[in-house]
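Q: My structure file upload14.cif, mmCIF, C-alpha atoms, is below:
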```cif
data_protein
#
loop_
_atom_site.label_atom_id
_atom_site.label_comp_id
_atom_site.auth_asym_id
_atom_site.auth_seq_id
_atom_site.Cartn_x
_atom_site.Cartn_y
_atom_site.Cartn_z
CA MET A 1 1.71 -98.75 20.57
CA LEU A 2 2.20 -95.45 18.74
CA LEU A 3 0.67 -93.57 21.64
CA VAL A 4 3.14 -95.16 24.06
CA ARG A 5 6.10 -94.11 21.91
CA MET A 6 4.85 -90.53 21.69
CA ASN A 7 4.45 -90.33 25.45
CA PHE A 8 7.96 -91.69 25.88
CA LEU A 9 9.44 -89.05 23.54
CA GLN A 10 7.55 -86.26 25.31
CA LEU A 11 8.94 -87.46 28.63
CA LEU A 12 12.47 -87.49 27.27
CA CYS A 13 12.09 -83.98 25.81
CA ARG A 14 10.93 -82.62 29.15
CA LYS A 15 14.06 -84.09 30.80
CA PRO A 16 16.83 -83.80 28.22
CA GLU A 17 19.47 -85.16 30.64
CA ARG A 18 17.85 -88.60 30.48
CA LEU A 19 17.78 -88.41 26.70
CA GLU A 20 21.50 -87.66 26.70
CA MET A 21 22.16 -90.74 28.83
CA VAL A 22 20.25 -92.98 26.40
CA PHE A 23 22.42 -91.94 23.46
CA GLN A 24 25.65 -92.20 25.43
CA LEU A 25 25.33 -95.86 26.50
CA ARG A 26 28.59 -97.79 26.68
CA HIS A 27 27.60 -100.24 23.93
CA CYS A 28 27.21 -97.38 21.42
CA LYS A 29 30.32 -97.12 19.32
CA LYS A 30 29.56 -93.53 18.30
CA GLN A 31 28.19 -90.93 20.66
CA PHE A 32 25.53 -88.57 19.42
CA PRO A 33 26.15 -84.94 20.33
CA TYR A 34 23.51 -83.18 22.37
CA MET A 35 23.09 -80.50 19.70
CA CYS A 36 21.34 -82.97 17.42
CA LEU A 37 18.16 -82.49 19.46
CA ALA A 38 18.20 -78.66 19.24
CA THR A 39 15.35 -78.64 16.74
CA SER A 40 13.02 -80.47 19.10
CA ALA A 41 14.13 -78.52 22.15
CA CYS A 42 13.32 -75.18 20.48
CA LEU A 43 9.64 -75.99 20.79
CA TYR A 44 9.87 -74.86 24.39
CA SER A 45 12.10 -71.79 23.80
CA LYS A 46 10.88 -68.19 23.70
CA LYS A 47 9.21 -66.94 20.54
CA LYS A 48 11.39 -64.99 18.12
CA LYS A 49 10.79 -61.24 18.23
CA VAL A 50 9.11 -59.86 15.11
CA ASN A 51 10.87 -56.96 13.39
CA GLY A 52 8.34 -54.16 12.89
CA TYR A 53 10.09 -52.87 9.78
CA GLU A 54 9.30 -56.10 7.95
CA GLN A 55 5.61 -55.16 7.99
CA VAL A 56 6.11 -51.67 6.49
CA ASP A 57 4.62 -51.11 3.04
CA GLN A 58 7.84 -50.40 1.15
CA GLU A 59 6.03 -49.35 -2.03
CA LYS A 60 3.89 -46.82 -0.19
CA TYR A 61 6.91 -44.88 1.14
CA LYS A 62 9.05 -45.28 -1.97
CA SER A 63 8.51 -41.67 -3.07
CA LEU A 64 9.31 -40.38 0.44
CA VAL A 65 12.63 -42.23 0.55
CA PHE A 66 13.52 -40.94 -2.90
CA SER A 67 12.61 -37.35 -1.92
CA VAL A 68 14.80 -37.46 1.21
CA THR A 69 17.79 -39.11 -0.48
CA SER A 70 17.66 -36.74 -3.47
CA TYR A 71 17.37 -33.56 -1.35
CA LYS A 72 19.45 -30.53 -2.39
CA ALA A 73 19.70 -27.47 -0.19
CA SER A 74 20.09 -25.11 -3.15
CA ALA A 75 16.59 -25.95 -4.41
CA GLN A 76 14.83 -24.69 -1.29
CA THR A 77 12.05 -22.14 -1.81
CA PRO A 78 8.88 -21.44 0.18
CA GLU A 79 7.01 -23.73 -2.22
CA THR A 80 9.43 -26.66 -1.98
CA ILE A 81 9.66 -26.34 1.81
CA LEU A 82 5.87 -26.52 2.03
CA GLU A 83 5.84 -29.60 -0.23
CA GLU A 84 8.60 -31.24 1.82
CA ASP A 85 6.74 -30.69 5.11
CA SER A 86 3.52 -31.99 3.59
CA LEU A 87 5.32 -35.11 2.40
CA LEU A 88 7.02 -35.80 5.72
CA TYR A 89 4.32 -34.77 8.18
CA GLY A 90 1.12 -34.49 6.15
CA GLN A 91 -0.92 -31.39 5.42
CA PRO A 92 -0.54 -28.67 8.11
CA LEU A 93 -3.48 -28.46 10.52
CA LYS A 94 -5.07 -31.43 8.79
CA HIS A 95 -7.47 -32.19 11.63
CA ALA A 96 -7.87 -28.62 12.85
CA PRO A 97 -11.22 -26.82 12.58
CA PRO A 98 -11.83 -24.77 9.41
CA ASP A 99 -10.08 -21.46 9.09
CA GLU A 100 -12.14 -18.60 10.47
CA ALA A 101 -11.47 -16.60 7.30
CA GLU A 102 -13.45 -19.21 5.37
CA THR A 103 -16.59 -18.80 7.50
CA LYS A 104 -16.44 -15.18 8.70
CA THR A 105 -18.21 -12.45 6.80
CA PRO A 106 -16.87 -8.90 6.54
CA LYS A 107 -18.45 -6.41 8.92
CA ASN A 108 -18.35 -3.60 6.37
CA TRP A 109 -19.31 -5.51 3.24
CA ILE A 110 -19.05 -3.59 -0.02
CA PRO A 111 -20.03 -5.24 -3.32
CA LEU A 112 -17.29 -6.01 -5.83
CA ILE A 113 -19.33 -4.50 -8.65
CA ASN A 114 -20.39 -0.88 -8.11
CA PRO A 115 -24.16 -0.64 -8.63
CA ASN A 116 -24.00 3.16 -8.83
CA LYS A 117 -21.43 3.43 -11.62
CA ARG A 118 -22.77 4.07 -15.07
CA THR A 119 -20.62 2.79 -17.89
CA PRO A 120 -20.76 4.19 -21.43
CA LEU A 121 -22.61 2.13 -24.00
CA LEU A 122 -19.77 2.44 -26.51
CA ASP A 123 -16.09 1.77 -25.93
CA SER A 124 -13.71 4.70 -26.08
CA ASP A 125 -12.12 5.41 -29.45
CA SER A 126 -8.75 6.21 -27.91
CA ASN A 127 -6.00 3.69 -28.57
CA LEU A 128 -3.93 4.93 -25.63
CA PRO A 129 -4.31 2.99 -22.38
CA MET A 130 -4.98 4.96 -19.22
CA LYS A 131 -1.96 5.63 -17.03
CA ILE A 132 -2.49 7.56 -13.79
CA ALA A 133 0.56 8.26 -11.65
CA LEU A 134 0.56 6.97 -8.09
CA GLN A 135 0.59 9.85 -5.60
CA LYS A 136 2.13 9.68 -2.14
CA THR A 137 -0.59 9.68 0.47
CA LYS A 138 -1.43 8.36 3.92
CA ILE A 139 -3.92 5.90 2.43
CA PRO A 140 -2.50 2.37 2.75
CA SER A 141 -1.63 0.37 -0.34
CA VAL A 142 -2.86 -3.13 -1.15
CA THR A 143 0.69 -4.47 -0.88
CA ARG A 144 1.21 -2.97 2.56
CA ILE A 145 -2.11 -4.30 3.88
CA LEU A 146 -1.37 -7.84 2.69
CA GLN A 147 2.18 -7.76 4.10
CA GLN A 148 1.02 -6.66 7.55
CA THR A 149 -1.82 -9.21 7.75
CA ILE A 150 0.02 -12.23 6.37
CA PRO A 151 -1.24 -15.51 7.97
CA PRO A 152 1.14 -17.00 10.60
CA GLN A 153 1.66 -20.22 8.68
CA GLN A 154 2.63 -18.39 5.49
CA ALA A 155 4.87 -16.01 7.45
CA PHE A 156 6.62 -19.00 9.02
CA TYR A 157 7.52 -20.56 5.67
CA LEU A 158 8.67 -17.26 4.19
CA GLU A 159 10.84 -16.49 7.20
CA ARG A 160 12.37 -19.96 7.15
CA TRP A 161 13.11 -19.62 3.44
CA LYS A 162 14.74 -16.25 4.11
CA GLN A 163 16.96 -17.67 6.86
CA LYS A 164 18.04 -20.59 4.67
CA MET A 165 18.92 -18.20 1.84
CA ILE A 166 20.94 -16.02 4.24
CA GLU A 167 22.82 -19.09 5.49
CA GLU A 168 23.58 -20.04 1.90
CA LEU A 169 24.33 -16.59 0.42
CA GLY A 170 25.13 -14.47 3.48
CA LYS A 171 23.32 -11.26 4.36
CA ASP A 172 24.99 -9.22 1.64
CA GLY A 173 24.47 -11.96 -0.91
CA PHE A 174 20.79 -12.29 -0.04
CA ALA A 175 20.34 -8.50 -0.25
CA GLU A 176 21.93 -8.55 -3.71
CA TYR A 177 19.73 -11.49 -4.72
CA THR A 178 16.48 -9.71 -3.73
CA LYS A 179 17.69 -6.50 -5.37
CA ASN A 180 18.27 -8.33 -8.66
CA LEU A 181 14.85 -9.96 -8.48
CA PHE A 182 13.21 -6.57 -7.97
CA LEU A 183 15.19 -5.06 -10.84
CA GLN A 184 14.30 -7.90 -13.18
CA GLY A 185 10.62 -7.43 -12.29
CA GLU A 186 10.81 -3.73 -13.13
CA LEU A 187 12.53 -4.41 -16.45
CA PHE A 188 10.00 -7.08 -17.31
CA HIS A 189 7.04 -4.76 -16.65
CA ALA A 190 8.70 -1.96 -18.65
CA ALA A 191 9.27 -4.28 -21.60
CA LEU A 192 5.62 -5.38 -21.59
CA GLU A 193 4.51 -1.77 -21.39
CA SER A 194 6.60 -0.90 -24.44
CA MET A 195 4.88 -3.72 -26.35
CA PHE A 196 1.39 -2.43 -25.53
CA LEU A 197 2.12 1.26 -26.20
CA PRO A 198 2.28 1.83 -29.98
CA GLU A 199 4.15 5.15 -29.81
CA GLU A 200 7.06 3.67 -27.86
CA SER A 201 9.76 1.66 -29.58
CA ALA A 202 10.77 -1.73 -28.22
CA ALA A 203 14.37 -0.96 -29.15
CA LYS A 204 14.55 1.31 -26.10
CA GLU A 205 14.98 -1.73 -23.87
CA GLN A 206 17.30 -3.74 -26.14
CA GLY A 207 20.33 -3.17 -23.93
CA GLU A 208 18.54 -4.76 -20.97
CA ASP A 209 16.87 -7.66 -22.77
CA ALA A 210 19.49 -10.19 -21.67
CA ALA A 211 18.29 -10.07 -18.05
CA ILE A 212 14.64 -10.61 -18.94
CA SER A 213 14.78 -12.52 -22.22
CA GLY A 214 13.62 -15.69 -20.51
CA TYR A 215 10.59 -13.97 -18.97
CA LEU A 216 9.60 -12.42 -22.31
CA SER A 217 9.88 -15.76 -24.08
CA SER A 218 7.80 -17.32 -21.33
CA VAL A 219 4.74 -15.08 -21.89
CA GLN A 220 4.61 -15.10 -25.70
CA HIS A 221 1.77 -17.63 -25.88
CA VAL A 222 -0.25 -15.58 -23.34
CA LEU A 223 0.23 -12.29 -25.21
CA LYS A 224 -1.52 -13.80 -28.24
CA ASP A 225 -4.74 -14.00 -26.20
CA ILE A 226 -4.60 -10.39 -24.94
CA SER A 227 -6.31 -7.53 -26.75
CA GLU A 228 -7.86 -4.08 -26.21
CA VAL A 229 -5.48 -2.88 -23.50
CA ARG A 230 -7.19 -0.13 -21.46
CA VAL A 231 -4.89 0.41 -18.47
CA LEU A 232 -1.11 0.18 -18.00
CA GLU A 233 0.76 0.76 -14.71
CA SER A 234 -2.03 2.99 -13.40
CA ALA A 235 -3.01 4.02 -9.88
CA VAL A 236 -6.41 2.99 -8.52
CA GLN A 237 -8.16 3.97 -5.30
CA HIS A 238 -11.27 2.63 -3.62
CA GLY A 239 -13.24 5.70 -2.67
CA THR A 240 -15.29 4.01 0.07
CA LEU A 241 -12.82 1.59 1.65
CA GLN A 242 -9.87 4.00 1.32
CA TYR A 243 -7.03 1.90 -0.03
CA LEU A 244 -5.00 2.27 -3.22
CA GLY A 245 -2.74 0.32 -5.53
CA LEU A 246 -0.91 0.23 -8.86
CA VAL A 247 -2.55 -1.97 -11.49
CA ASP A 248 -0.23 -3.65 -14.00
CA CYS A 249 -2.74 -3.95 -16.82
CA VAL A 250 -6.43 -4.06 -17.70
CA ALA A 251 -7.17 -5.74 -21.01
CA LYS A 252 -9.27 -8.46 -22.60
CA TYR A 253 -8.04 -12.02 -22.18
CA ARG A 254 -9.79 -14.35 -24.59
CA GLY A 255 -12.59 -11.84 -24.93
CA GLN A 256 -13.13 -11.07 -21.21
CA LEU A 257 -12.02 -7.82 -19.59
CA CYS A 258 -9.56 -8.61 -16.77
CA VAL A 259 -7.25 -7.01 -14.27
CA ILE A 260 -3.94 -8.60 -15.27
CA ASP A 261 -1.09 -9.02 -12.80
CA TRP A 262 2.32 -10.01 -14.21
CA LYS A 263 4.49 -12.08 -11.88
CA THR A 264 8.03 -13.43 -12.28
CA SER A 265 9.25 -16.65 -10.75
CA GLU A 266 12.20 -19.04 -10.82
CA LYS A 267 10.00 -21.97 -9.73
CA LEU A 268 6.92 -23.38 -11.42
CA LYS A 269 3.53 -22.27 -10.07
CA PRO A 270 1.05 -24.41 -11.99
CA SER A 271 -1.97 -23.76 -9.75
CA LEU A 272 -3.58 -20.65 -8.31
CA LYS A 273 -2.85 -21.70 -4.70
CA ASN A 274 0.89 -21.54 -5.50
CA THR A 275 0.57 -17.76 -5.95
CA PHE A 276 -0.19 -17.19 -2.22
CA ASP A 277 -1.84 -13.73 -1.74
CA ASN A 278 -1.77 -12.68 -5.41
CA PRO A 279 -5.47 -13.55 -5.98
CA LEU A 280 -6.43 -11.26 -3.09
CA GLN A 281 -4.34 -8.51 -4.63
CA VAL A 282 -6.07 -8.88 -7.99
CA ALA A 283 -9.52 -8.91 -6.35
CA ALA A 284 -8.61 -5.73 -4.44
CA TYR A 285 -7.63 -4.02 -7.71
CA VAL A 286 -10.86 -5.15 -9.39
CA GLY A 287 -12.92 -3.64 -6.59
CA ALA A 288 -10.87 -0.44 -6.59
CA ILE A 289 -11.33 0.13 -10.34
CA ASN A 290 -15.07 -0.43 -10.02
CA HIS A 291 -15.29 2.20 -7.27
CA ASP A 292 -12.82 4.68 -8.74
CA ALA A 293 -14.42 7.62 -10.59
CA ASN A 294 -11.38 7.93 -12.87
CA TYR A 295 -12.39 4.75 -14.71
CA ASP A 296 -15.60 4.72 -16.74
CA PHE A 297 -15.83 0.92 -16.91
CA GLN A 298 -16.11 -2.02 -14.53
CA VAL A 299 -14.24 -5.32 -14.35
CA SER A 300 -15.42 -8.67 -13.00
CA CYS A 301 -12.49 -10.97 -13.90
CA GLY A 302 -8.79 -11.25 -13.11
CA LEU A 303 -5.71 -12.91 -14.58
CA ILE A 304 -2.41 -13.78 -12.89
CA VAL A 305 0.38 -14.56 -15.36
CA VAL A 306 3.45 -16.24 -13.85
CA ALA A 307 6.47 -15.86 -16.15
CA TYR A 308 9.59 -18.00 -15.70
CA LYS A 309 13.21 -16.96 -15.91
CA ASN A 310 14.25 -20.10 -17.81
CA GLY A 311 11.77 -19.31 -20.59
CA CYS A 312 9.37 -22.21 -20.10
CA PRO A 313 5.72 -21.38 -20.93
CA ALA A 314 4.09 -19.07 -18.39
CA HIS A 315 1.11 -20.21 -16.34
CA PRO A 316 -1.96 -17.96 -16.81
CA HIS A 317 -4.39 -18.30 -13.87
CA PHE A 318 -7.80 -16.97 -14.87
CA MET A 319 -10.19 -15.76 -12.17
CA GLY A 320 -13.81 -15.63 -13.27
CA PRO A 321 -16.54 -13.53 -11.59
CA ASP A 322 -17.35 -16.18 -8.96
CA LEU A 323 -13.71 -16.73 -8.02
CA CYS A 324 -13.08 -12.99 -7.89
CA SER A 325 -16.04 -12.60 -5.54
CA GLN A 326 -14.66 -15.30 -3.21
CA TYR A 327 -11.26 -13.60 -3.02
CA TRP A 328 -12.93 -10.21 -2.66
CA ASN A 329 -14.56 -11.37 0.58
CA LYS A 330 -11.20 -12.67 1.83
CA TRP A 331 -9.61 -9.35 0.92
CA LEU A 332 -12.26 -7.44 2.90
CA LEU A 333 -11.44 -9.56 5.97
CA ARG A 334 -7.72 -8.80 5.62
CA LEU A 335 -8.54 -5.11 5.18
CA GLU A 336 -10.64 -5.14 8.36
CA GLU A 337 -7.82 -6.86 10.23
CA TYR A 338 -5.39 -4.17 9.09
CA MET A 339 -7.76 -1.37 10.10
CA ASP A 340 -8.29 -2.92 13.55
CA ARG A 341 -4.52 -3.10 14.13
CA ASN A 342 -3.95 0.48 13.06
#
```
Would you give me this structure, written as C-alpha cells?

A:
Amino acid sequence: MLLVRMNFLQLLCRKPERLEMVFQLRHCKKQFPYMCLATSACLYSKKKKVNGYEQVDQEKYKSLVFSVTSYKASAQTPETILEEDSLLYGQPLKHAPPDEAETKTPKNWIPLINPNKRTPLLDSDSNLPMKIALQKTKIPSVTRILQQTIPPQQAFYLERWKQKMIEELGKDGFAEYTKNLFLQGELFHAALESMFLPEESAAKEQGEDAAISGYLSSVQHVLKDISEVRVLESAVQHGTLQYLGLVDCVAKYRGQLCVIDWKTSEKLKPSLKNTFDNPLQVAAYVGAINHDANYDFQVSCGLIVVAYKNGCPAHPHFMGPDLCSQYWNKWLLRLEEYMDRN
C-alpha cells in the first residue's frame, strides 16, 4: 500500500498541473496555493552554484589582508617593497634554477689570506691607529665596482624606491633627502673617529651632535665590545687584483680582529641579508688589507654595524672566517664582471 502511494506522489510531482487540479476541487472550501509544493518541486531544479570564496582559508590570509589594509605610502623603502612583493606574490624566482653566482667559480682566484705575508710576532706598541689618505687614481674602488655590477633584481627595487620617493618628495626634495643622509653618515663616522683617537677631543663635534645623537646612542652597546683599534678611515689597495677602498675601522670585536663597517639606517636590518652588498664590500676590504704591503697584519673576520637614527640598539652582523670566504668568492665574481665590461 505504501509503495502505491509513493508511486502516486511521484507521478503527481512529474506533472504538477494534475496536482494543482486535485487541490482545487469544487468541494474544497479553501484552495491551496501552488507555492506550497515549491519544496518538493525544487528536487528537480538546477543545483545552486557554490561560491568559491566560501572555501578560502580565511585564517591563512589574515596577515595578508591586514598588511594591505594597513599600507602607508610613506613607509616605503627597498626593504619594505621587497617584503610586500614577497607577501603578495611569493619569493622572487622561487622555482627558477639556482643563481649562477652561487655555482660559478672565479677564473682568477686569489686566496683571501695572503700566504706570502709575514706578520710580526708581537703587536705594535703604538696606540695610534693607522690612517692612510686615499689617493686619486685610475684604479677602481670597491664602491664603484659594486654599483656597476648590481644584480638586476636589486637594481629594480632600488630604482622603484627612488621613483616613489621622487613622487612623494619631488626631485629637489629627494636630492635634499639624499644629501642629508650622506652628511649624517659623514658626521657619524667623524664622531666615532674622535672617540677612538685619544688625542682628539669629542667636544669638537658637540655642535653637530643633534643630527647624529640617535646613531651614537644606537651603537653604545657595540662599542663596549670593541678594543685595540688598529685602522681608522684608511685607504687599502689589493696589489694583485688592482682595486682600492677606504676602510672604516679595523679593531677587535669580542677578541677577534675584524674589518668593521659602520652603516646608518632609518629602517631595521636585523639580518645580514638585509644589508644587500655590504658583506661583499667588507670581504673585499679584508682581502685588500691582507694583500696590501702597508699593513703588517692580516684579518679573517668582518663586522657590519647598522646604527639607527631613532636610537634603538644597533644590529652588529659578525662575519667569521668561513662567511668571509663565501663572500670573498662572490666579490671576485663581481670584480671579474666589472673587468669584462670595462

Q: On this file, the PyMOL selection byres ((chain A and resi 248-259) around 9) gives some set of residues; write that set as a ChimeraX atom specification.

A: /A:129,189,193,222-223,225-234,246-247,260-262,282-283,285-286,298-304,318-320

Q: Store the residues of this selection in a file with C-alpha atoms, as a PDB file, keeping the file's coordinate frame.

A:
```pdb
ATOM      1  CA  PRO A 129      -4.310   2.990 -22.380  1.00  0.00           C
ATOM      2  CA  HIS A 189       7.040  -4.760 -16.650  1.00  0.00           C
ATOM      3  CA  GLU A 193       4.510  -1.770 -21.390  1.00  0.00           C
ATOM      4  CA  VAL A 222      -0.250 -15.580 -23.340  1.00  0.00           C
ATOM      5  CA  LEU A 223       0.230 -12.290 -25.210  1.00  0.00           C
ATOM      6  CA  ASP A 225      -4.740 -14.000 -26.200  1.00  0.00           C
ATOM      7  CA  ILE A 226      -4.600 -10.390 -24.940  1.00  0.00           C
ATOM      8  CA  SER A 227      -6.310  -7.530 -26.750  1.00  0.00           C
ATOM      9  CA  GLU A 228      -7.860  -4.080 -26.210  1.00  0.00           C
ATOM     10  CA  VAL A 229      -5.480  -2.880 -23.500  1.00  0.00           C
ATOM     11  CA  ARG A 230      -7.190  -0.130 -21.460  1.00  0.00           C
ATOM     12  CA  VAL A 231      -4.890   0.410 -18.470  1.00  0.00           C
ATOM     13  CA  LEU A 232      -1.110   0.180 -18.000  1.00  0.00           C
ATOM     14  CA  GLU A 233       0.760   0.760 -14.710  1.00  0.00           C
ATOM     15  CA  SER A 234      -2.030   2.990 -13.400  1.00  0.00           C
ATOM     16  CA  LEU A 246      -0.910   0.230  -8.860  1.00  0.00           C
ATOM     17  CA  VAL A 247      -2.550  -1.970 -11.490  1.00  0.00           C
ATOM     18  CA  ILE A 260      -3.940  -8.600 -15.270  1.00  0.00           C
ATOM     19  CA  ASP A 261      -1.090  -9.020 -12.800  1.00  0.00           C
ATOM     20  CA  TRP A 262       2.320 -10.010 -14.210  1.00  0.00           C
ATOM     21  CA  VAL A 282      -6.070  -8.880  -7.990  1.00  0.00           C
ATOM     22  CA  ALA A 283      -9.520  -8.910  -6.350  1.00  0.00           C
ATOM     23  CA  TYR A 285      -7.630  -4.020  -7.710  1.00  0.00           C
ATOM     24  CA  VAL A 286     -10.860  -5.150  -9.390  1.00  0.00           C
ATOM     25  CA  GLN A 298     -16.110  -2.020 -14.530  1.00  0.00           C
ATOM     26  CA  VAL A 299     -14.240  -5.320 -14.350  1.00  0.00           C
ATOM     27  CA  SER A 300     -15.420  -8.670 -13.000  1.00  0.00           C
ATOM     28  CA  CYS A 301     -12.490 -10.970 -13.900  1.00  0.00           C
ATOM     29  CA  GLY A 302      -8.790 -11.250 -13.110  1.00  0.00           C
ATOM     30  CA  LEU A 303      -5.710 -12.910 -14.580  1.00  0.00           C
ATOM     31  CA  ILE A 304      -2.410 -13.780 -12.890  1.00  0.00           C
ATOM     32  CA  PHE A 318      -7.800 -16.970 -14.870  1.00  0.00           C
ATOM     33  CA  MET A 319     -10.190 -15.760 -12.170  1.00  0.00           C
ATOM     34  CA  GLY A 320     -13.810 -15.630 -13.270  1.00  0.00           C
TER      35      GLY A 320
END
```

Q: In terms of the shortest atom-to-atom distance over all atoms listed in the file, which of A:Asp322, A:Asp292, A:Asp277, A:Glu186 is closest to Arg144 in chain A?

A: A:Asp277

Q: I need every residue sitting at most 6 Å from the point (13.4, -7.9, -21.7) (coordinates as in the file, all atoms listed in the file considered), written as a ChimeraX atom specification.

A: /A:188,191,209,212-213,216

Q: I would like the residues chosen by the PyMOL selection byres ((chain A and resi 284) around 9) on the shown file; could you give them as a VMD selection string?

A: chain A and resid 112 142 238 243 to 245 279 to 283 285 to 289 327 to 328 331 to 332

Q: Kindly save the residues from that selection, with C-alpha atoms included, as a PDB file, in the coordinates of the input.

A:
```pdb
ATOM      1  CA  LEU A 112     -17.290  -6.010  -5.830  1.00  0.00           C
ATOM      2  CA  VAL A 142      -2.860  -3.130  -1.150  1.00  0.00           C
ATOM      3  CA  HIS A 238     -11.270   2.630  -3.620  1.00  0.00           C
ATOM      4  CA  TYR A 243      -7.030   1.900  -0.030  1.00  0.00           C
ATOM      5  CA  LEU A 244      -5.000   2.270  -3.220  1.00  0.00           C
ATOM      6  CA  GLY A 245      -2.740   0.320  -5.530  1.00  0.00           C
ATOM      7  CA  PRO A 279      -5.470 -13.550  -5.980  1.00  0.00           C
ATOM      8  CA  LEU A 280      -6.430 -11.260  -3.090  1.00  0.00           C
ATOM      9  CA  GLN A 281      -4.340  -8.510  -4.630  1.00  0.00           C
ATOM     10  CA  VAL A 282      -6.070  -8.880  -7.990  1.00  0.00           C
ATOM     11  CA  ALA A 283      -9.520  -8.910  -6.350  1.00  0.00           C
ATOM     12  CA  TYR A 285      -7.630  -4.020  -7.710  1.00  0.00           C
ATOM     13  CA  VAL A 286     -10.860  -5.150  -9.390  1.00  0.00           C
ATOM     14  CA  GLY A 287     -12.920  -3.640  -6.590  1.00  0.00           C
ATOM     15  CA  ALA A 288     -10.870  -0.440  -6.590  1.00  0.00           C
ATOM     16  CA  ILE A 289     -11.330   0.130 -10.340  1.00  0.00           C
ATOM     17  CA  TYR A 327     -11.260 -13.600  -3.020  1.00  0.00           C
ATOM     18  CA  TRP A 328     -12.930 -10.210  -2.660  1.00  0.00           C
ATOM     19  CA  TRP A 331      -9.610  -9.350   0.920  1.00  0.00           C
ATOM     20  CA  LEU A 332     -12.260  -7.440   2.900  1.00  0.00           C
TER      21      LEU A 332
END
```

Q: Find, counting only C-alpha atoms, the residue in A:Tyr215, A:Tyr308, A:Tyr295, A:Tyr338 that gets nearest to Lys117 in chain A.

A: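 Of A:Tyr215, A:Tyr308, A:Tyr295, A:Tyr338, the one nearest Lys117 in chain A is A:Tyr295, counting only C-alpha atoms.
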
Q: Please, what distance in Å, to one decimal, runs between CA of Leu134 in chain A and CA of Ala235 in chain A?

A: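 Separation of CA of Leu134 in chain A and CA of Ala235 in chain A: 5.0 Å.
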
Q: What is the distance, in Å and to one decimal place, between CA of Asn278 in chain A and CA of Asn127 in chain A?

A: 28.7 Å

Q: CA of Asn290 in chain A and CA of Thr119 in chain A, how far apart in Å?

A: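 Here the two named atoms are 10.2 Å from each other.
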
Q: Please enumerate the residues selected by the PyMOL selection byres ((chain A and resi 145) around 9) when evaluated against the supplied file, formatted as an NGL selection string.

A: :A and (140-144 or 146-150 or 243 or 334-335 or 337-339)

Q: From the options A:Leu333, A:Val219, A:Met195, A:Leu323, which residue's atoms come nearest to Pro151 in chain A, counting all atoms listed in the file?

A: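 Of all the options, A:Leu333 lies closest to Pro151 in chain A.
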